[in-house]
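query-v8.txt (compact mmCIF, C-alpha atoms) appears below.
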# COMPACT_ATOMS: atom_id res chain seq x y z
CA MET A 1 -24.27 12.96 21.93
CA ARG A 2 -24.54 12.54 18.17
CA ASP A 3 -27.32 10.30 16.90
CA VAL A 4 -25.28 7.81 14.90
CA ARG A 5 -28.33 5.93 13.62
CA LYS A 6 -29.94 9.12 12.29
CA ILE A 7 -26.70 10.14 10.57
CA VAL A 8 -26.31 6.72 8.92
CA ILE A 9 -29.94 6.60 7.76
CA GLU A 10 -29.65 10.07 6.25
CA ALA A 11 -26.38 9.20 4.48
CA LEU A 12 -27.86 5.98 3.08
CA ASP A 13 -31.02 7.80 2.00
CA HIS A 14 -29.15 10.65 0.29
CA ALA A 15 -27.16 8.11 -1.76
CA THR A 16 -29.93 5.61 -2.51
CA GLY A 17 -33.33 7.14 -1.68
CA PHE A 18 -34.10 3.92 0.18
CA ILE A 19 -36.67 5.48 2.53
CA ASN A 20 -39.09 5.74 -0.40
CA ASN A 21 -39.41 1.94 -0.25
CA ALA A 22 -42.28 1.08 2.14
CA ASP A 23 -40.60 -2.07 3.49
CA HIS A 24 -37.33 -0.27 4.11
CA PHE A 25 -39.15 2.63 5.76
CA ALA A 26 -40.98 0.25 8.11
CA ALA A 27 -37.72 -1.46 9.07
CA VAL A 28 -36.09 1.87 9.84
CA ARG A 29 -39.11 3.15 11.79
CA ASP A 30 -39.41 -0.03 13.89
CA GLY A 31 -35.68 -0.59 14.36
CA GLY A 32 -36.02 -3.90 12.54
CA TYR A 33 -33.63 -5.76 10.25
CA LEU A 34 -32.58 -3.95 7.09
CA ASP A 35 -30.31 -5.88 4.76
CA LEU A 36 -27.80 -3.36 3.32
CA ALA A 37 -27.18 -5.63 0.31
CA LYS A 38 -30.79 -5.00 -0.78
CA LEU A 39 -30.05 -1.29 -1.21
CA ASP A 40 -27.86 -2.02 -4.28
CA ILE A 41 -25.21 0.50 -3.26
CA ASP A 42 -22.69 0.95 -6.10
CA SER A 43 -19.03 1.72 -5.40
CA LEU A 44 -19.30 5.49 -5.95
CA SER A 45 -22.39 5.69 -3.75
CA GLN A 46 -20.42 3.83 -1.07
CA PHE A 47 -17.93 6.69 -1.01
CA GLU A 48 -20.73 9.30 -0.86
CA ILE A 49 -22.12 7.50 2.19
CA ILE A 50 -18.70 7.20 3.81
CA MET A 51 -17.94 10.88 3.23
CA GLU A 52 -21.24 12.00 4.77
CA ILE A 53 -20.74 9.79 7.85
CA GLU A 54 -17.07 10.79 8.23
CA ASP A 55 -17.95 14.48 8.04
CA ALA A 56 -20.85 14.17 10.48
CA LEU A 57 -18.98 12.06 13.05
CA SER A 58 -15.45 13.44 12.52
CA VAL A 59 -13.97 9.98 12.02
CA GLU A 60 -11.84 8.32 9.32
CA LEU A 61 -13.40 5.16 7.91
CA ASP A 62 -12.39 2.53 5.37
CA ALA A 63 -14.85 1.20 2.82
CA ASP A 64 -14.18 -2.45 3.67
CA GLU A 65 -14.89 -1.98 7.37
CA VAL A 66 -18.07 0.06 6.80
CA PHE A 67 -19.58 -2.30 4.25
CA SER A 68 -18.53 -5.51 5.97
CA HIS A 69 -21.71 -5.08 8.07
CA SER A 70 -24.68 -6.77 6.49
CA SER A 71 -27.44 -4.85 8.28
CA LEU A 72 -28.24 -1.29 9.25
CA ASN A 73 -28.34 -2.22 12.94
CA ALA A 74 -24.94 -3.93 12.80
CA LEU A 75 -23.40 -0.95 11.01
CA CYS A 76 -24.85 1.50 13.55
CA ALA A 77 -23.69 -0.60 16.51
CA TRP A 78 -20.16 -0.80 15.09
CA LEU A 79 -20.07 2.93 14.35
CA GLU A 80 -21.31 3.83 17.85
CA ALA A 81 -18.54 1.71 19.36
CA ARG A 82 -16.01 3.23 16.95
CA VAL A 83 -17.04 6.81 17.78
CA ALA A 84 -16.97 6.03 21.51
CA GLY A 85 -13.51 4.46 21.09
CA ASP A 86 -12.18 7.51 19.22
CA ALA A 87 -13.53 9.76 21.95
CA ASP A 88 -11.69 7.85 24.71
CA MET B 1 -15.60 -8.39 -8.86
CA ILE B 2 -11.91 -9.27 -9.15
CA THR B 3 -10.66 -12.55 -10.59
CA GLN B 4 -7.86 -14.08 -8.55
CA ILE B 5 -4.81 -15.38 -10.44
CA ASN B 6 -2.58 -17.77 -8.56
CA ALA B 7 1.21 -17.56 -8.50
CA HIS B 8 1.59 -20.44 -10.95
CA SER B 9 -0.11 -18.41 -13.70
CA ALA B 10 1.18 -15.03 -12.51
CA LYS B 11 4.22 -14.75 -14.75
CA MET B 12 2.29 -15.60 -17.91
CA VAL B 13 -0.56 -13.22 -17.07
CA LEU B 14 1.78 -10.34 -16.20
CA SER B 15 3.69 -10.86 -19.46
CA CYS B 16 0.57 -11.18 -21.63
CA LYS B 17 0.13 -8.47 -24.29
CA ASP B 18 -3.61 -8.43 -23.57
CA VAL B 19 -3.14 -7.24 -19.99
CA ASP B 20 -2.76 -3.62 -18.92
CA VAL B 21 -2.71 -1.70 -15.65
CA ALA B 22 -5.83 -1.31 -13.52
CA ASP B 23 -7.58 2.02 -14.14
CA TYR B 24 -6.48 3.70 -10.91
CA ALA B 25 -6.71 7.19 -12.45
CA GLY B 26 -10.22 6.55 -13.77
CA ARG B 27 -11.39 5.65 -10.27
CA TYR B 28 -10.04 8.92 -8.87
CA GLU B 29 -11.52 10.94 -11.75
CA ASN B 30 -14.92 9.38 -11.00
CA LEU B 31 -14.57 10.07 -7.27
CA GLN B 32 -13.47 13.63 -7.94
CA GLN B 33 -16.51 14.22 -10.12
CA ARG B 34 -19.04 12.52 -7.85
CA LEU B 35 -17.79 13.86 -4.52
CA GLY B 36 -16.67 17.31 -5.69
CA ILE B 37 -13.22 16.85 -4.13
CA ASP B 38 -10.04 18.02 -5.87
CA PHE B 39 -7.66 15.06 -6.28
CA GLY B 40 -5.42 17.00 -8.68
CA HIS B 41 -2.08 16.04 -7.14
CA VAL B 42 -3.02 12.37 -6.83
CA LEU B 43 -4.03 12.34 -10.49
CA LEU B 44 -0.87 14.22 -11.51
CA SER B 45 1.24 11.65 -9.65
CA MET B 46 -0.51 8.81 -11.43
CA ARG B 47 0.90 10.11 -14.72
CA TYR B 48 4.40 9.17 -13.51
CA VAL B 49 3.93 6.03 -11.40
CA PRO B 50 4.37 3.06 -13.78
CA PRO B 51 1.71 0.73 -12.28
CA CYS B 52 -0.82 3.50 -13.04
CA VAL B 53 0.41 4.27 -16.57
CA PRO B 54 -1.24 2.49 -19.55
CA VAL B 55 0.98 0.55 -21.93
CA LEU B 56 1.18 3.31 -24.58
CA ARG B 57 3.03 5.74 -22.28
CA HIS B 58 4.52 3.22 -19.93
CA SER B 59 7.98 2.73 -21.44
CA ASP B 60 8.73 6.50 -21.41
CA VAL B 61 7.82 6.80 -17.74
CA ARG B 62 9.76 3.68 -16.84
CA ALA B 63 12.83 4.92 -18.74
CA LYS B 64 12.91 8.10 -16.64
CA ILE B 65 12.94 6.05 -13.42
CA ALA B 66 15.58 3.65 -14.77
CA GLU B 67 17.74 6.68 -15.66
CA LEU B 68 17.43 8.00 -12.12
CA ILE B 69 18.32 4.64 -10.55
CA GLY B 70 21.15 4.03 -13.01
CA GLY B 71 22.67 7.42 -12.24
CA ARG B 72 22.87 6.65 -8.51
CA MET B 73 23.52 2.91 -8.57
CA SER B 74 27.31 2.92 -8.54
CA ASP B 75 27.60 5.41 -5.64
CA LEU B 76 24.84 3.73 -3.68
CA LYS B 77 26.38 0.28 -3.97
CA SER B 78 29.58 1.55 -2.41
CA GLU B 79 27.65 3.37 0.34
CA LEU B 80 25.39 0.41 1.14
CA PRO B 81 27.62 -1.28 3.76
CA ASP B 82 27.84 1.94 5.80
CA ILE B 83 24.12 2.71 5.48
CA VAL B 84 23.23 -0.82 6.59
CA ALA B 85 25.75 -0.83 9.46
CA ARG B 86 24.36 2.48 10.78
CA ALA B 87 20.75 1.34 10.53
CA LEU B 88 21.32 -2.05 12.17
CA SER B 89 23.74 -0.86 14.86
CA CYS B 90 21.08 -1.53 17.54
CA LEU B 91 21.65 -5.27 17.01
CA ARG B 92 25.15 -4.87 18.43
CA HIS B 93 23.70 -4.17 21.88
CA GLU B 94 22.07 -6.64 24.26
CA GLY B 95 18.41 -6.20 25.13
CA GLU B 96 15.14 -5.51 23.35
CA HIS B 97 15.09 -3.36 20.22
CA ASP B 98 12.41 -1.99 17.94
CA LEU B 99 13.92 -3.31 14.72
CA LEU B 100 11.21 -1.65 12.62
CA LYS B 101 11.49 1.91 13.92
CA ASP B 102 15.20 1.88 14.78
CA GLY B 103 16.45 -0.33 11.95
CA VAL B 104 14.38 -1.10 8.88
CA VAL B 105 12.57 2.25 8.50
CA PRO B 106 15.68 4.46 8.87
CA LEU B 107 17.55 2.15 6.50
CA VAL B 108 14.90 2.38 3.76
CA ARG B 109 14.39 6.09 4.39
CA GLU B 110 18.09 6.84 3.90
CA LEU B 111 18.47 4.55 0.90
CA LEU B 112 15.40 5.83 -0.93
CA GLY B 113 16.17 9.41 0.00
CA LYS B 114 19.56 9.07 -1.67
CA LEU B 115 18.11 7.21 -4.64
CA ALA B 116 15.29 9.66 -5.33
CA GLY B 117 17.25 12.71 -4.21
CA VAL B 118 14.38 13.63 -1.89
CA SER B 119 14.64 13.90 1.88
CA LEU B 120 12.08 11.54 3.38
CA HIS B 121 12.69 12.63 6.94
CA ARG B 122 9.70 14.95 6.77
CA GLN B 123 7.41 12.08 5.94
CA ARG B 124 4.95 11.78 8.79
CA GLU B 125 4.19 8.70 10.83
CA GLY B 126 1.15 7.11 9.27
CA SER B 127 1.92 8.55 5.85
CA LEU B 128 -0.66 7.64 3.24
CA VAL B 129 1.58 8.21 0.22
CA SER B 130 1.78 4.57 -0.77
CA PHE B 131 -1.99 4.04 -0.46
CA LEU B 132 -2.29 5.29 -4.04
CA PHE B 133 -3.47 1.83 -5.12
CA SER B 134 -5.82 1.19 -2.20
CA GLN B 135 -9.44 0.47 -3.03
CA THR B 136 -10.67 0.50 0.55
CA LEU B 137 -9.37 3.86 1.78
CA GLY B 138 -12.25 6.09 2.92
CA VAL B 139 -12.78 9.67 1.80
CA ALA B 140 -11.16 11.50 4.73
CA ARG B 141 -7.92 9.55 4.26
CA ARG B 142 -8.02 10.17 0.50
CA ARG B 143 -8.23 13.90 1.23
CA ARG B 144 -5.21 13.56 3.55
CA MET B 145 -3.38 11.64 0.86
CA GLU B 146 -4.07 14.46 -1.64
CA ASP B 147 -2.58 16.93 0.89
CA GLU B 148 0.52 14.73 1.27
CA TYR B 149 0.97 14.54 -2.51
CA ARG B 150 0.64 18.32 -2.79
CA GLU B 151 3.40 18.72 -0.15
CA LEU B 152 5.63 16.10 -1.79
CA TRP B 153 5.38 17.77 -5.21
CA ALA B 154 6.20 21.11 -3.57
CA VAL B 155 9.26 19.65 -1.79
CA ILE B 156 10.56 18.13 -5.03
CA ALA B 157 9.83 21.29 -7.04
CA SER B 158 11.71 23.48 -4.57
CA ALA B 159 14.71 21.10 -4.57
CA TYR B 160 14.77 20.76 -8.37
CA PRO B 161 13.32 24.02 -9.77
CA ASP B 162 14.88 23.56 -13.20
CA GLU B 163 13.87 19.97 -13.81
CA PRO B 164 10.98 19.08 -16.12
CA GLU B 165 7.83 17.67 -14.53
CA SER B 166 8.60 14.19 -15.89
CA ARG B 167 11.93 14.04 -14.02
CA ARG B 168 10.28 15.23 -10.79
CA GLY B 169 7.58 12.64 -11.39
CA ALA B 170 10.22 9.92 -11.58
CA ARG B 171 11.59 11.00 -8.19
CA LEU B 172 8.09 10.91 -6.75
CA ALA B 173 7.46 7.46 -8.22
CA LEU B 174 10.55 6.08 -6.49
CA VAL B 175 9.29 7.34 -3.14
CA ILE B 176 5.77 5.98 -3.71
CA LEU B 177 6.78 2.59 -5.04
CA GLY B 178 9.88 2.08 -2.96
CA PHE B 179 9.13 2.91 0.63
CA ASP B 180 6.38 0.56 1.83
CA ALA B 181 7.35 -2.19 -0.62
CA THR B 182 10.92 -2.24 0.71
CA VAL B 183 10.02 -1.82 4.38
CA GLY B 184 7.46 -4.61 3.98
CA THR B 185 9.78 -6.96 2.12
CA LEU B 186 12.73 -6.43 4.47
CA GLY B 187 10.67 -6.47 7.67
CA CYS B 188 8.71 -9.61 6.81
CA SER B 189 11.73 -11.43 5.40
CA LEU B 190 13.90 -10.67 8.45
CA ARG B 191 11.11 -11.81 10.74
CA ASP B 192 10.80 -14.99 8.68
CA LEU B 193 14.52 -15.64 9.17
CA MET B 194 14.57 -14.91 12.89
CA CYS B 195 11.33 -16.72 13.80
CA GLU B 196 10.59 -16.81 17.52
CA GLU B 197 13.33 -19.09 18.79
CA PRO B 198 16.67 -17.49 19.70
CA ALA B 199 19.10 -18.12 16.85
CA LEU B 200 22.75 -17.26 16.39
CA MET B 201 22.94 -14.26 14.10
CA SER B 202 25.99 -15.75 12.40
CA ALA B 203 23.92 -18.81 11.42
CA LEU B 204 20.78 -17.11 10.10
CA PRO B 205 20.00 -18.71 6.73
CA PHE B 206 19.97 -15.65 4.48
CA GLY B 207 19.32 -16.71 0.90
CA LYS B 208 20.31 -14.76 -2.18
CA SER B 209 17.15 -12.68 -1.97
CA PRO B 210 14.45 -11.82 0.57
CA ALA B 211 11.96 -14.67 0.95
CA VAL B 212 8.74 -12.79 1.69
CA THR B 213 7.39 -10.02 -0.51
CA GLY B 214 5.88 -6.79 0.81
CA VAL B 215 3.75 -6.71 -2.34
CA PRO B 216 1.54 -9.81 -2.15
CA TYR B 217 -0.47 -9.02 -5.28
CA VAL B 218 -0.84 -6.58 -8.19
CA ASP B 219 -4.05 -5.58 -9.99
CA ARG B 220 -4.40 -5.61 -13.77
CA THR B 221 -7.14 -5.43 -16.42
CA ALA B 222 -7.60 -7.72 -19.43
CA THR B 223 -7.73 -5.57 -22.59
CA ALA B 224 -8.83 -8.49 -24.80
CA ALA B 225 -10.01 -12.04 -24.24
CA PHE B 226 -7.19 -14.51 -23.59
CA SER B 227 -6.46 -17.69 -21.68
CA VAL B 228 -3.60 -18.94 -19.51
CA ASN B 229 -3.15 -22.48 -18.20
CA GLY B 230 -6.70 -23.30 -19.28
CA GLN B 231 -8.24 -20.33 -17.45
CA ALA B 232 -10.14 -18.00 -19.81
CA PHE B 233 -10.41 -14.26 -19.24
CA ARG B 234 -12.75 -11.82 -20.96
CA SER B 235 -11.93 -8.33 -22.18
CA GLY B 236 -12.31 -5.77 -19.40
CA GLU B 237 -12.02 -8.35 -16.61
CA ALA B 238 -10.34 -7.08 -13.42
CA LEU B 239 -7.47 -9.39 -12.41
CA ARG B 240 -5.67 -9.72 -9.08
CA VAL B 241 -2.34 -11.43 -9.72
CA ASN B 242 -0.94 -13.07 -6.60
CA LEU B 243 2.85 -12.96 -6.30
CA GLU B 244 3.24 -15.40 -3.45
CA GLY B 245 2.73 -19.11 -3.16
CA GLY B 246 4.78 -19.94 -6.25
CA ALA B 247 7.63 -21.37 -4.22
CA GLU B 248 7.76 -24.74 -2.56
CA VAL B 249 7.50 -23.16 0.88
CA PRO B 250 3.93 -21.90 1.50
CA GLY B 251 3.69 -18.16 2.08
CA ARG B 252 6.92 -17.45 0.26
CA SER B 253 7.36 -16.02 -3.20
CA GLY B 254 9.24 -17.96 -5.78
CA PRO B 255 12.46 -16.11 -6.65
CA ALA B 256 11.06 -15.46 -10.12
CA LEU B 257 8.04 -13.62 -8.71
CA LEU B 258 9.53 -11.61 -5.87
CA PHE B 259 10.13 -8.70 -8.22
CA GLY B 260 7.06 -9.22 -10.39
CA ALA B 261 7.22 -10.08 -14.08
CA GLY B 262 6.54 -8.62 -17.50
CA PRO B 263 6.74 -4.94 -18.49
CA HIS B 264 6.16 -3.79 -14.90
CA SER B 265 8.79 -5.93 -13.18
CA CYS B 266 10.70 -4.15 -10.41
CA LEU B 267 13.31 -1.65 -11.64
CA GLY B 268 15.03 -1.77 -8.26
CA ARG B 269 15.73 -5.50 -8.40
CA SER B 270 19.51 -5.24 -8.69
CA LEU B 271 19.76 -2.69 -5.89
CA ALA B 272 17.39 -4.69 -3.68
CA LEU B 273 19.55 -7.80 -4.07
CA GLU B 274 22.69 -5.79 -3.22
CA LEU B 275 20.87 -4.41 -0.16
CA TRP B 276 19.84 -7.88 1.00
CA SER B 277 23.40 -9.10 0.55
CA ALA B 278 24.75 -6.15 2.60
CA ILE B 279 22.18 -6.83 5.36
CA SER B 280 23.18 -10.49 5.36
CA ARG B 281 26.89 -9.66 5.75
CA GLU B 282 26.22 -7.13 8.50
CA VAL B 283 23.87 -9.29 10.60
CA ARG B 284 25.95 -12.46 10.28
CA ALA B 285 29.04 -10.60 11.50
CA ILE B 286 27.31 -9.66 14.77
CA PRO B 287 28.02 -12.02 17.68
CA GLY B 288 25.15 -13.22 19.83
CA SER B 289 21.69 -14.57 19.24
CA ILE B 290 18.42 -12.95 18.30
CA SER B 291 14.76 -13.77 18.78
CA VAL B 292 11.50 -12.10 17.81
CA VAL B 293 9.60 -10.78 20.85
CA ASP B 294 6.66 -9.21 19.04
CA PHE B 295 5.61 -8.79 15.44
CA GLY B 296 2.43 -7.47 13.83
CA LEU B 297 1.24 -6.34 10.42
CA SER B 298 -0.42 -3.01 9.74
CA LYS B 299 -3.90 -2.73 8.18
CA ASN B 300 -3.08 -2.17 4.54
CA ASP B 301 -4.89 -3.63 1.53
CA VAL B 302 -1.95 -3.12 -0.83
CA PHE B 303 1.32 -3.77 0.98
CA ARG B 304 2.22 -6.36 3.58
CA ILE B 305 4.05 -4.14 6.01
CA PRO B 306 4.82 -4.62 9.70
CA ASP B 307 3.75 -2.07 12.29
CA LYS B 308 5.54 -3.87 15.11
CA PHE B 309 8.84 -5.77 15.07
CA ILE B 310 10.53 -6.12 18.45
CA VAL B 311 13.58 -8.35 18.81
CA ARG B 312 15.78 -9.42 21.74
CA VAL B 313 19.55 -9.67 21.37
CA SER B 314 21.46 -11.93 23.77
CA LYS B 315 25.18 -12.54 24.03
Would you mind writing the file out in structure tokens?
Amino acid sequence: MRDVRKIVIEALDHATGFINNADHFAAVRDGGYLDLAKLDIDSLSQFEIIMEIEDALSVELDADEVFSHSSLNALCAWLEARVAGDAD
Amino acid sequence: MITQINAHSAKMVLSCKDVDVADYAGRYENLQQRLGIDFGHVLLSMRYVPPCVPVLRHSDVRAKIAELIGGRMSDLKSELPDIVARALSCLRHEGEHDLLKDGVVPLVRELLGKLAGVSLHRQREGSLVSFLFSQTLGVARRRRMEDEYRELWAVIASAYPDEPESRRGARLALVILGFDATVGTLGCSLRDLMCEEPALMSALPFGKSPAVTGVPYVDRTATAAFSVNGQAFRSGEALRVNLEGGAEVPGRSGPALLFGAGPHSCLGRSLALELWSAISREVRAIPGSISVVDFGLSKNDVFRIPDKFIVRVSK
């Protein structure tokens, strides 16, 4: 079973370095709320993140569906459902 | 951030000298550089697809496509009734029919194949060719699209080994611009005519042109500050020009906007009107009534195109 949350956090961190922020790190460590809008992800970084997640999970994603989720937890929950759906 | 332009200002904005195409190629060049992915065939194609070509080179590219259409127009017009009759023959039989897969798609495939001189029968289900303008497509699908463009260029090159790249590019542009736009326009307009209630085919109110466009908007960029109908735009502003809502009936395009406006207006307008007229004659000559059983639109941020269109024919 692939760890979707770990993959997403790594992809976000590679594109934005967000783990270096103490508040963001705490939210990730505790499973708390992390507002994706606060990461200031530009459009090219969005595609870096999408590519890393697509490659890791072997799925095809669209930018609008990935970044329609406002929080890290919501994005991970949607991706887990999506991966499970593709596997059915 | 994209500024929305409503249909009432669309014609003036599209005809304004201070408006040029959106920088589709620039986006792909940036993606290619940042992600380290080769989008060479997508970028090559963008040199020959008019909505991607800046104003300085635009008229040359457009002339090549017009030449291709003009050279086939006379033959195609005489073939249209037979092509339409073949494609819509399912409507002559009682029962449920998939009007999209058995009617509209084969019709557009045959017509565009003849127009561009390229067999489209190899085009896969779920082809991404016309997602060239999409801003939401992820990276995996963009890679697939690059593969499809590579194959398409190879097919055209092997069929026309002696033609210059610009002529092959014009053939490719017809396939890219024509397929989903025509399937979307025909599918949505026919559905609009048939509605859900059973209606006599002989009484369907076909107008002179399709009523619903498969291209609900086009993207442009302001190259200098200008204003239209009191709305000011700044240089560099991204504009989304909506082509529907200009008519009195909500959701429909005004006849003037169905084929766009300005230097990028549809080169296939005359042929499209002939096609609609041929469809009208064919359908209205079929006895019996027709109703829509199921209809759905595909997920597509550029074209409005059905992915489901089931009808029932009754005597």
Rank nothing, just name the residue among A:Ala22, A:Val4, A:Leu61, A:Leu44 nearest to Asn73 (chain A), using only C-alpha atoms.
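Among the listed residues, A:Val4 lies closest to Asn73 (chain A).
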Please report, as a Markdown table, each residue of chain B lying at most 6 Å from chain A, together with the nearest pair of atoms and the separation in Å rounded to one decimal; use all atoms listed in the file, and order rows by chain and ascending residue number.
| residue | atom | partner | partner_atom | distance |
| --- | --- | --- | --- | --- |
| B:Thr136 | CA | A:Ala63 | CA | 4.8 |
| B:Leu137 | CA | A:Asp62 | CA | 4.9 |
| B:Gly138 | CA | A:Asp62 | CA | 4.3 |
| B:Val139 | CA | A:Met51 | CA | 5.5 |
| B:Ala140 | CA | A:Glu60 | CA | 5.6 |
Pick from B:Arg312, B:Met73, B:Ile2, B:Phe303: nearest to Arg269 (chain B), with all atoms listed in the file counted?
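That would be B:Met73, the residue with the smallest distance to Arg269 (chain B).
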Kindly indicate which residue among B:Ser189, B:Ser89, B:Ser166, B:Ser119 lies nearest to Pro306 (chain B), using all atoms listed in the file for the distances.
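Using all atoms listed in the file, Pro306 (chain B) sits closest to B:Ser189.
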Rank nothing, just name the residue among B:Leu132, B:Ile83, B:Leu88, B:Val108 nearest to Tyr28 (chain B), using all atoms listed in the file.
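Ranked by minimum distance to Tyr28 (chain B), first place goes to B:Leu132.
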Please identify all polymer residues within 12 Å of Gly184 (chain B), counting only C-alpha atoms, omitting same-chain residues fewer than 6 positions from it, and present them as a PDB file with C-alpha atoms, in the coordinates of the input.
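Dumped to part-v5.pdb:
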ATOM      1  CA  LEU B 100      11.210  -1.650  12.620  1.00  0.00           C
ATOM      2  CA  VAL B 104      14.380  -1.100   8.880  1.00  0.00           C
ATOM      3  CA  VAL B 105      12.570   2.250   8.500  1.00  0.00           C
ATOM      4  CA  VAL B 108      14.900   2.380   3.760  1.00  0.00           C
ATOM      5  CA  SER B 130       1.780   4.570  -0.770  1.00  0.00           C
ATOM      6  CA  LEU B 177       6.780   2.590  -5.040  1.00  0.00           C
ATOM      7  CA  GLY B 178       9.880   2.080  -2.960  1.00  0.00           C
ATOM      8  CA  LEU B 190      13.900 -10.670   8.450  1.00  0.00           C
ATOM      9  CA  ARG B 191      11.110 -11.810  10.740  1.00  0.00           C
ATOM     10  CA  ASP B 192      10.800 -14.990   8.680  1.00  0.00           C
ATOM     11  CA  PRO B 210      14.450 -11.820   0.570  1.00  0.00           C
ATOM     12  CA  ALA B 211      11.960 -14.670   0.950  1.00  0.00           C
ATOM     13  CA  VAL B 212       8.740 -12.790   1.690  1.00  0.00           C
ATOM     14  CA  THR B 213       7.390 -10.020  -0.510  1.00  0.00           C
ATOM     15  CA  GLY B 214       5.880  -6.790   0.810  1.00  0.00           C
ATOM     16  CA  VAL B 215       3.750  -6.710  -2.340  1.00  0.00           C
ATOM     17  CA  PRO B 216       1.540  -9.810  -2.150  1.00  0.00           C
ATOM     18  CA  GLY B 296       2.430  -7.470  13.830  1.00  0.00           C
ATOM     19  CA  LEU B 297       1.240  -6.340  10.420  1.00  0.00           C
ATOM     20  CA  SER B 298      -0.420  -3.010   9.740  1.00  0.00           C
ATOM     21  CA  ASN B 300      -3.080  -2.170   4.540  1.00  0.00           C
ATOM     22  CA  VAL B 302      -1.950  -3.120  -0.830  1.00  0.00           C
ATOM     23  CA  PHE B 303       1.320  -3.770   0.980  1.00  0.00           C
ATOM     24  CA  ARG B 304       2.220  -6.360   3.580  1.00  0.00           C
ATOM     25  CA  ILE B 305       4.050  -4.140   6.010  1.00  0.00           C
ATOM     26  CA  PRO B 306       4.820  -4.620   9.700  1.00  0.00           C
ATOM     27  CA  ASP B 307       3.750  -2.070  12.290  1.00  0.00           C
ATOM     28  CA  LYS B 308       5.540  -3.870  15.110  1.00  0.00           C
ATOM     29  CA  PHE B 309       8.840  -5.770  15.070  1.00  0.00           C
TER      30      PHE B 309
END
Near-Phe18 (chain A) list (7 Å; only C-alpha atoms; drop same-chain fewer than 5 positions) as a PDB file with C-alpha atoms, in the frame of the given file:
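See out12.pdb below for the written result:
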ATOM      1  CA  ASP A  13     -31.020   7.800   2.000  1.00  0.00           C
ATOM      2  CA  HIS A  24     -37.330  -0.270   4.110  1.00  0.00           C
ATOM      3  CA  LEU A  39     -30.050  -1.290  -1.210  1.00  0.00           C
TER       4      LEU A  39
END
Gap from CA of Gly169 (chain B) to CA of Tyr48 (chain B) - Å, one decimal:
5.2 Å
Might I get the box with edges along x, y and z of the file that holds all atoms of region 12-31 of chain A listed there, padded by 3 Å on every side, given as centre and edge lengths in Å to one decimal, as AutoDock Vina command-line options?
--center_x -34.7 --center_y 4.3 --center_z 5.9 --size_x 21.1 --size_y 18.7 --size_z 22.9
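The coordinates place CA of His58 (chain B) at 21.6 Å from CA of Phe226 (chain B).
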For Cys76 (chain A), please output as a list in words all residues within 8 Å (counting all atoms listed in the file; exclusion window: fewer than 3 positions along the same chain).
Val4, Arg5, Val8, Leu72, Asn73, Leu79 and Glu80 of chain A
Point (-17.4, 7.3, 19.8) neighbourhood (10 Å, all atoms listed in the file) written as a PyMOL selection string
chain A and resi 1-2+4+57-59+78-88
As JSON, numbers by chain, please: the residues near Arg47 (chain B) (cut-off 10 Å, only C-alpha atoms, same-chain neighbours under 6 positions excluded).
{"B": [25, 53, 54, 57, 58, 61, 166, 169, 170, 173]}
Calculate how many Å separate CA of Asp294 (chain B) from CA of Gly207 (chain B), rounding to one decimal.
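Straight-line distance from CA of Asp294 (chain B) to CA of Gly207 (chain B) works out to 23.4 Å.
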Who sits within 12 Å of Ala159 (chain B), only C-alpha atoms, same chain under 2 positions skipped, as a CSV table (one decimal) with C-alpha atoms, keeping the file's coordinate frame:
chain,number,residue,atom,x,y,z
B,116,ALA,CA,15.3,9.7,-5.3
B,117,GLY,CA,17.2,12.7,-4.2
B,118,VAL,CA,14.4,13.6,-1.9
B,119,SER,CA,14.6,13.9,1.9
B,152,LEU,CA,5.6,16.1,-1.8
B,153,TRP,CA,5.4,17.8,-5.2
B,154,ALA,CA,6.2,21.1,-3.6
B,155,VAL,CA,9.3,19.6,-1.8
B,156,ILE,CA,10.6,18.1,-5.0
B,157,ALA,CA,9.8,21.3,-7.0
B,161,PRO,CA,13.3,24.0,-9.8
B,162,ASP,CA,14.9,23.6,-13.2
B,163,GLU,CA,13.9,20.0,-13.8
B,168,ARG,CA,10.3,15.2,-10.8
B,171,ARG,CA,11.6,11.0,-8.2
Could you model N, CA, C and O atoms for region 204-208 of chain B and present them as a compact mmCIF listing (two decimals), in the coordinates of the input?
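Generated file (part.txt):
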# COMPACT_ATOMS: atom_id res chain seq x y z
N LEU B 204 22.08 -17.35 10.74
CA LEU B 204 20.78 -17.11 10.10
C LEU B 204 20.87 -17.45 8.61
O LEU B 204 21.79 -17.02 7.92
N PRO B 205 19.90 -18.21 8.11
CA PRO B 205 20.00 -18.71 6.73
C PRO B 205 19.53 -17.71 5.67
O PRO B 205 18.53 -17.90 4.99
N PHE B 206 20.29 -16.61 5.54
CA PHE B 206 19.97 -15.65 4.48
C PHE B 206 20.14 -16.33 3.13
O PHE B 206 21.16 -16.97 2.88
N GLY B 207 19.16 -16.21 2.28
CA GLY B 207 19.32 -16.71 0.90
C GLY B 207 19.88 -15.58 0.04
O GLY B 207 20.33 -14.55 0.54
N LYS B 208 19.80 -15.79 -1.27
CA LYS B 208 20.31 -14.76 -2.18
C LYS B 208 19.38 -13.56 -2.25
O LYS B 208 19.79 -12.47 -2.64
